[in-house]
file structure13.cif (mmCIF, C-alpha atoms)
data_input
loop_
_atom_site.label_atom_id
_atom_site.label_comp_id
_atom_site.auth_asym_id
_atom_site.auth_seq_id
_atom_site.Cartn_x
_atom_site.Cartn_y
_atom_site.Cartn_z
CA MET B 555 -14.14 98.36 -8.72
CA SER B 556 -15.18 101.48 -6.80
CA ILE B 557 -17.79 101.66 -4.06
CA SER B 558 -21.31 102.39 -5.33
CA VAL B 559 -24.91 102.42 -4.10
CA ARG B 560 -27.71 100.51 -5.88
CA PHE B 561 -31.14 101.20 -4.40
CA GLN B 562 -32.76 98.81 -6.91
CA SER B 563 -31.38 95.92 -4.83
CA LEU B 564 -33.97 96.71 -2.15
CA ARG B 565 -36.74 95.62 -4.55
CA ASP B 566 -35.32 92.08 -4.62
CA ASN B 567 -36.24 91.58 -0.96
CA THR B 568 -39.64 90.47 0.29
CA ILE B 569 -41.33 91.77 3.46
CA GLY B 570 -40.69 88.35 5.00
CA GLU B 571 -36.93 88.72 4.45
CA TYR B 572 -36.89 92.13 6.16
CA ALA B 573 -39.00 90.70 8.99
CA THR B 574 -36.55 87.78 9.42
CA ARG B 575 -33.65 90.19 9.95
CA PHE B 576 -35.71 92.34 12.32
CA VAL B 577 -36.72 89.33 14.44
CA PHE B 578 -33.20 87.81 14.53
CA GLY B 579 -31.67 91.19 15.46
CA GLY B 580 -34.26 91.91 18.14
CA ALA B 581 -34.01 88.38 19.57
CA MET B 582 -30.21 88.62 19.78
CA CYS B 583 -30.44 91.86 21.80
CA VAL B 584 -32.96 90.28 24.18
CA ILE B 585 -30.71 87.20 24.61
CA ALA B 586 -27.69 89.45 25.32
CA GLY B 587 -29.73 91.35 27.94
CA LEU B 588 -31.00 88.17 29.63
CA THR B 589 -27.48 86.69 29.59
CA ALA B 590 -26.12 89.79 31.34
CA THR B 591 -28.80 89.44 34.04
CA HIS B 592 -28.14 85.73 34.66
CA TYR B 593 -24.43 85.24 33.89
CA GLY B 594 -22.93 88.73 34.17
CA PRO B 595 -21.27 91.18 31.76
CA VAL B 596 -18.25 89.02 30.82
CA ILE B 597 -20.38 86.32 29.13
CA ALA B 598 -22.95 88.84 27.79
CA GLY B 599 -20.18 90.83 26.10
CA LEU B 600 -19.15 87.80 24.05
CA LEU B 601 -22.69 87.57 22.66
CA MET B 602 -22.55 91.17 21.37
CA ALA B 603 -20.29 89.79 18.61
CA PHE B 604 -22.30 86.60 17.95
CA PRO B 605 -22.99 86.15 14.22
CA ALA B 606 -26.74 86.03 14.86
CA ILE B 607 -28.04 87.34 11.56
CA PHE B 608 -25.07 86.28 9.43
CA PRO B 609 -26.49 82.85 8.40
CA ALA B 610 -29.83 84.46 7.43
CA SER B 611 -28.18 87.32 5.48
CA ALA B 612 -25.74 85.03 3.65
CA THR B 613 -28.51 82.58 2.75
CA LEU B 614 -30.75 85.37 1.44
CA LEU B 615 -27.86 86.71 -0.65
CA ALA B 616 -27.15 83.25 -2.12
CA ASP B 617 -30.86 82.76 -2.87
CA HIS B 618 -31.05 86.11 -4.70
CA GLU B 619 -28.10 85.14 -6.89
CA LYS B 620 -29.66 81.72 -7.56
CA ARG B 621 -32.97 83.32 -8.57
CA LYS B 622 -31.18 85.73 -10.93
CA MET B 623 -29.41 82.85 -12.67
CA LYS B 624 -32.60 80.78 -12.82
CA LYS B 625 -34.32 83.64 -14.70
CA ILE B 626 -31.78 83.25 -17.51
CA GLY B 627 -32.07 79.46 -17.41
CA ARG B 628 -28.86 78.63 -15.56
CA ASP B 629 -28.11 76.71 -12.39
CA GLY B 630 -27.23 79.36 -9.83
CA ASN B 631 -25.99 77.13 -6.98
CA LEU B 632 -22.33 77.81 -7.63
CA ARG B 633 -22.92 81.54 -8.19
CA GLY B 634 -25.00 81.77 -5.01
CA ARG B 635 -22.29 80.08 -2.93
CA ALA B 636 -19.60 82.30 -4.48
CA ALA B 637 -21.59 85.47 -3.66
CA ALA B 638 -22.03 84.33 -0.04
CA ALA B 639 -18.32 83.45 0.18
CA ILE B 640 -17.31 86.92 -1.05
CA ASP B 641 -19.74 88.47 1.45
CA ALA B 642 -18.19 86.36 4.24
CA GLU B 643 -14.72 87.49 3.20
CA GLY B 644 -15.87 91.10 3.61
CA THR B 645 -17.35 90.19 6.99
CA THR B 646 -13.92 88.89 8.07
CA LEU B 647 -12.53 92.39 7.47
CA GLY B 648 -15.52 93.89 9.28
CA CYS B 649 -14.63 91.76 12.32
CA ILE B 650 -11.30 93.58 12.64
CA GLY B 651 -13.30 96.82 12.77
CA LEU B 652 -15.66 95.23 15.31
CA ALA B 653 -12.70 94.45 17.58
CA ALA B 654 -11.55 98.09 17.20
CA PHE B 655 -15.08 99.23 18.18
CA ALA B 656 -14.97 97.07 21.31
CA ILE B 657 -11.46 98.24 22.32
CA ILE B 658 -12.49 101.91 22.02
CA VAL B 659 -15.71 101.39 24.02
CA CYS B 660 -13.79 99.47 26.70
CA LYS B 661 -11.11 102.17 27.05
CA MET B 662 -13.18 105.35 26.52
CA LEU B 663 -16.48 104.59 28.23
CA PRO B 664 -15.35 104.89 31.87
CA HIS B 665 -13.90 108.39 31.19
CA HIS B 666 -16.12 109.99 28.53
CA SER B 667 -19.82 110.42 27.75
CA ALA B 668 -21.66 107.41 26.32
CA THR B 669 -22.79 109.29 23.20
CA LEU B 670 -19.28 110.49 22.36
CA THR B 671 -17.82 107.02 23.01
CA LEU B 672 -20.34 105.20 20.82
CA LEU B 673 -19.99 107.76 18.00
CA PHE B 674 -16.20 107.53 18.11
CA ALA B 675 -16.25 103.71 18.29
CA THR B 676 -18.69 103.43 15.36
CA ALA B 677 -16.49 105.75 13.28
CA ALA B 678 -13.47 103.59 14.22
CA TRP B 679 -15.33 100.43 13.12
CA LEU B 680 -16.09 102.01 9.72
CA ILE B 681 -12.57 103.42 9.22
CA VAL B 682 -10.73 100.23 10.26
CA SER B 683 -13.05 97.97 8.20
CA THR B 684 -12.84 100.18 5.11
CA ALA B 685 -9.05 100.48 5.45
CA GLY B 686 -8.88 96.67 5.63
CA TRP B 687 -11.00 96.41 2.48
CA PHE B 688 -8.75 98.85 0.56
CA LEU B 689 -5.64 97.02 1.77
CA ARG B 690 -7.11 93.63 0.78
CA ARG B 691 -7.88 95.01 -2.70
CA ARG B 692 -4.27 96.09 -3.20
CA LEU B 693 -2.82 92.70 -2.19
CA MET T 1383 -40.65 93.28 30.58
CA THR T 1384 -40.71 96.80 29.12
CA ASP T 1385 -36.90 96.69 29.05
CA LEU T 1386 -36.94 93.46 26.99
CA ILE T 1387 -39.54 94.79 24.54
CA LEU T 1388 -37.50 97.97 24.10
CA ARG T 1389 -34.33 95.91 23.54
CA PHE T 1390 -36.14 93.77 20.95
CA LEU T 1391 -37.49 96.77 19.02
CA LEU T 1392 -34.24 98.75 19.17
CA GLY T 1393 -32.21 95.68 18.18
CA GLY T 1394 -34.55 94.88 15.30
CA VAL T 1395 -34.42 98.45 13.96
CA ILE T 1396 -30.61 98.84 14.19
CA VAL T 1397 -29.83 95.37 12.78
CA SER T 1398 -32.31 95.96 9.92
CA ALA T 1399 -30.81 99.39 9.20
CA PHE T 1400 -27.30 97.94 8.82
CA SER T 1401 -28.73 95.11 6.64
CA VAL T 1402 -30.36 97.65 4.32
CA ILE T 1403 -27.07 99.58 4.00
CA ALA T 1404 -25.27 96.31 3.18
CA GLU T 1405 -27.97 95.46 0.63
CA VAL T 1406 -27.52 98.63 -1.44
CA LEU T 1407 -23.71 98.76 -1.37
CA ARG T 1408 -21.48 97.40 -4.13
CA PRO T 1409 -19.12 95.60 -4.54
CA LYS T 1410 -20.30 92.66 -2.47
CA ARG T 1411 -17.02 92.22 -0.58
CA PHE T 1412 -17.34 95.81 0.67
CA ALA T 1413 -21.01 95.27 1.59
CA GLY T 1414 -19.85 92.21 3.55
CA LEU T 1415 -18.13 94.54 6.04
CA PHE T 1416 -21.60 95.37 7.33
CA GLY T 1417 -22.15 91.71 8.24
CA ALA T 1418 -19.90 92.49 11.21
CA ALA T 1419 -21.43 95.88 12.03
CA PRO T 1420 -21.68 96.60 15.76
CA SER T 1421 -25.49 96.58 15.52
CA VAL T 1422 -26.23 94.43 18.60
CA ALA T 1423 -23.73 96.46 20.65
CA LEU T 1424 -25.26 99.78 19.53
CA ALA T 1425 -28.71 98.50 20.49
CA THR T 1426 -27.78 97.05 23.88
CA LEU T 1427 -24.97 99.28 25.22
CA PRO T 1428 -27.04 102.48 25.71
CA MET T 1429 -29.60 100.50 27.76
CA THR T 1430 -26.85 98.75 29.73
CA ILE T 1431 -25.14 102.09 30.49
CA HIS T 1432 -28.48 103.52 31.59
CA SER T 1433 -29.35 100.63 33.90
CA ASN T 1434 -25.95 99.33 35.12
CA GLY T 1435 -23.48 102.16 34.53
CA ALA T 1436 -20.48 102.80 32.27
CA ALA T 1437 -18.05 100.51 34.15
CA TYR T 1438 -20.38 97.51 33.67
CA ALA T 1439 -20.78 98.27 29.95
CA ALA T 1440 -16.98 98.60 29.60
CA ILE T 1441 -16.63 95.03 30.96
CA GLU T 1442 -19.09 93.86 28.30
CA ALA T 1443 -17.06 95.67 25.63
CA ARG T 1444 -13.85 93.97 26.83
CA SER T 1445 -15.49 90.56 26.30
CA MET T 1446 -16.76 91.73 22.95
CA ILE T 1447 -13.14 91.88 21.71
CA ALA T 1448 -12.95 88.08 22.21
CA GLY T 1449 -16.35 87.67 20.53
CA ALA T 1450 -15.14 89.67 17.51
CA ILE T 1451 -12.02 87.47 17.16
CA ALA T 1452 -14.26 84.37 17.32
CA PHE T 1453 -16.50 85.96 14.63
CA LEU T 1454 -13.43 86.58 12.44
CA ILE T 1455 -12.42 82.89 12.70
CA TYR T 1456 -16.00 81.81 11.93
CA ALA T 1457 -16.44 84.16 8.92
CA TRP T 1458 -13.07 83.16 7.46
CA CYS T 1459 -13.94 79.44 7.70
CA VAL T 1460 -17.40 80.05 6.18
CA SER T 1461 -15.79 81.89 3.27
CA ARG T 1462 -13.20 79.12 2.61
CA ILE T 1463 -15.72 76.27 2.90
CA LEU T 1464 -18.32 77.99 0.67
CA ILE T 1465 -15.73 78.46 -2.08
CA ARG T 1466 -14.33 74.91 -1.91
CA GLY T 1467 -17.27 72.87 -0.59
CA LYS T 1468 -20.50 71.72 -2.17
CA HIS T 1469 -22.89 72.32 0.72
CA THR T 1470 -25.61 74.96 0.72
CA THR T 1471 -24.99 78.40 2.24
CA LEU T 1472 -27.60 77.79 4.96
CA LEU T 1473 -26.04 74.47 5.98
CA THR T 1474 -22.49 75.85 5.95
CA THR T 1475 -23.26 79.02 7.92
CA THR T 1476 -25.38 77.25 10.57
CA ALA T 1477 -23.21 74.13 10.88
CA LEU T 1478 -20.19 76.32 11.60
CA LEU T 1479 -21.87 78.33 14.40
CA PRO T 1480 -20.46 75.90 17.03
CA LEU T 1481 -17.04 77.04 15.78
CA TRP T 1482 -17.84 80.57 17.01
CA ILE T 1483 -18.95 79.11 20.36
CA ALA T 1484 -15.76 77.03 20.64
CA ALA T 1485 -13.50 79.96 19.70
CA ALA T 1486 -15.31 82.36 22.06
CA ALA T 1487 -15.23 79.78 24.88
CA GLY T 1488 -11.51 79.20 24.30
CA LEU T 1489 -10.71 82.92 24.37
CA TYR T 1490 -12.90 83.33 27.46
CA TRP T 1491 -11.04 80.46 29.16
CA ILE T 1492 -7.61 81.90 28.31
CA PHE T 1493 -8.15 85.65 28.81
CA LEU T 1494 -11.41 86.42 30.61
CA ARG T 1495 -12.04 83.63 33.13
CA GLY T 1496 -11.90 85.00 36.64
CA LEU T 1497 -12.14 88.65 35.56
CA ALA T 1498 -14.99 90.72 36.97
#

call {"tool": "encode", "arguments": {"input": "structure13.cif", "output": "structure tokens"}}
result
Amino acid sequence: MSISVRFQSLRDNTIGEYATRFVFGGAMCVIAGLTATHYGPVIAGLLMAFPAIFPASATLLADHEKRKMKKIGRDGNLRGRAAAAIDAEGTTLGCIGLAAFAIIVCKMLPHHSATLTLLFATAAWLIVSTAGWFLRRRL
Amino acid sequence: MTDLILRFLLGGVIVSAFSVIAEVLRPKRFAGLFGAAPSVALATLPMTIHSNGAAYAAIEARSMIAGAIAFLIYAWCVSRILIRGKHTTLLTTTALLPLWIAAAAGLYWIFLRGLA
């Protein structure tokens, strides 16, 4: 299966679901900032990879699948869990990219501009994660 | 206070943006990559660099490597348990969050304790 974009999926979400992600994301950044102030950068850095919005995103995904199955009169519990499990498997690959992002920021930031470092690290995250996905597909 | 409000807004926008990208992408396993997007880091690092300097932010990034490994362990366990178990997605994903804390704490204890 090749990579594709389906904008219709955005219609499945309610304003409340978007707001949930916004609030969780914002709250996580505030917590990371407060942690850095009180406990220092070593502890705060760990929190930058905390799966803050993962439970909310996975649950919303499972609920969407359940609703789809309910519309055609089927029990969607199993389908919902399977969709969330597949999503989590993808996230596992994304974590390898996240580690690559962190390594590049750690090594490049003291010697290069912040903008260049963050651009390069984000590109590395995308390349490493996508390479992992292609490799996983071939296995 | 202004700093915290700015962090909240920036974090909310960047996390939401990555969520929207994940929402429209297919197949689902590929979209799942965006569940581990560096959204919190992209929202907080520029502000940290601005207020505390690049060296301080680099220390945060070094710890983030351990956080990412803990996230990998957590996401892998969530995936296995959701496929084999009978519990809801919400229960599984939230009940396993202490696993991230334990893994991150263990990595901190082994590699980061005592480092500046």

call {"tool": "interface_residues", "arguments": {"input": "structure13.cif", "of": "chain T", "to": "chain B", "cutoff": "6 Å", "atoms": "all atoms listed in the file", "output": "ChimeraX atom specification"}}
result
/T:1386,1389-1391,1393-1394,1397-1398,1406-1408,1410-1412,1414-1415,1417-1418,1422-1423,1436-1437,1440,1442-1447,1449-1450,1454,1457-1458,1461,1464-1465,1471-1472,1475

call {"tool": "resolve_selection", "arguments": {"input": "structure13.cif", "expression": "the PyMOL selection byres ((chain T and resi 1486) around 7)", "output": "tab-separated table (two decimals) with C-alpha atoms, keeping the file's coordinate frame"}}
result
chain	number	residue	atom	x	y	z
B	600	LEU	CA	-19.15	87.80	24.05
T	1448	ALA	CA	-12.95	88.08	22.21
T	1449	GLY	CA	-16.35	87.67	20.53
T	1452	ALA	CA	-14.26	84.37	17.32
T	1482	TRP	CA	-17.84	80.57	17.01
T	1483	ILE	CA	-18.95	79.11	20.36
T	1484	ALA	CA	-15.76	77.03	20.64
T	1485	ALA	CA	-13.50	79.96	19.70
T	1487	ALA	CA	-15.23	79.78	24.88
T	1488	GLY	CA	-11.51	79.20	24.30
T	1489	LEU	CA	-10.71	82.92	24.37
T	1490	TYR	CA	-12.90	83.33	27.46

call {"tool": "atom_distance", "arguments": {"input": "structure13.cif", "atom1": "atom CA of Leu1424 of chain T", "atom2": "atom CA of Ile1387 of chain T"}}
result
15.9 Å

call {"tool": "residues_near_point", "arguments": {"input": "structure13.cif", "point": "(-31.7, 98.2, 27.8)", "cutoff": "6 Å", "atoms": "all atoms listed in the file", "output": "PyMOL selection string"}}
result
chain T and resi 1385+1389+1426+1429-1430

call {"tool": "write_last_selection", "arguments": {"input": "structure13.cif", "atoms": "C-alpha atoms", "output": "PDB file, in the coordinates of the input"}}
result
ATOM      1  CA  ASP T1385     -36.900  96.690  29.050  1.00  0.00           C
ATOM      2  CA  ARG T1389     -34.330  95.910  23.540  1.00  0.00           C
ATOM      3  CA  THR T1426     -27.780  97.050  23.880  1.00  0.00           C
ATOM      4  CA  MET T1429     -29.600 100.500  27.760  1.00  0.00           C
ATOM      5  CA  THR T1430     -26.850  98.750  29.730  1.00  0.00           C
TER       6      THR T1430
END

call {"tool": "atom_distance", "arguments": {"input": "structure13.cif", "atom1": "atom CA of Gly1496 of chain T", "atom2": "atom CA of Gly1435 of chain T"}}
result
20.8 Å

call {"tool": "atom_distance", "arguments": {"input": "structure13.cif", "atom1": "atom CA of Arg621 of chain B", "atom2": "atom CA of Val1460 of chain T"}}
result
21.7 Å
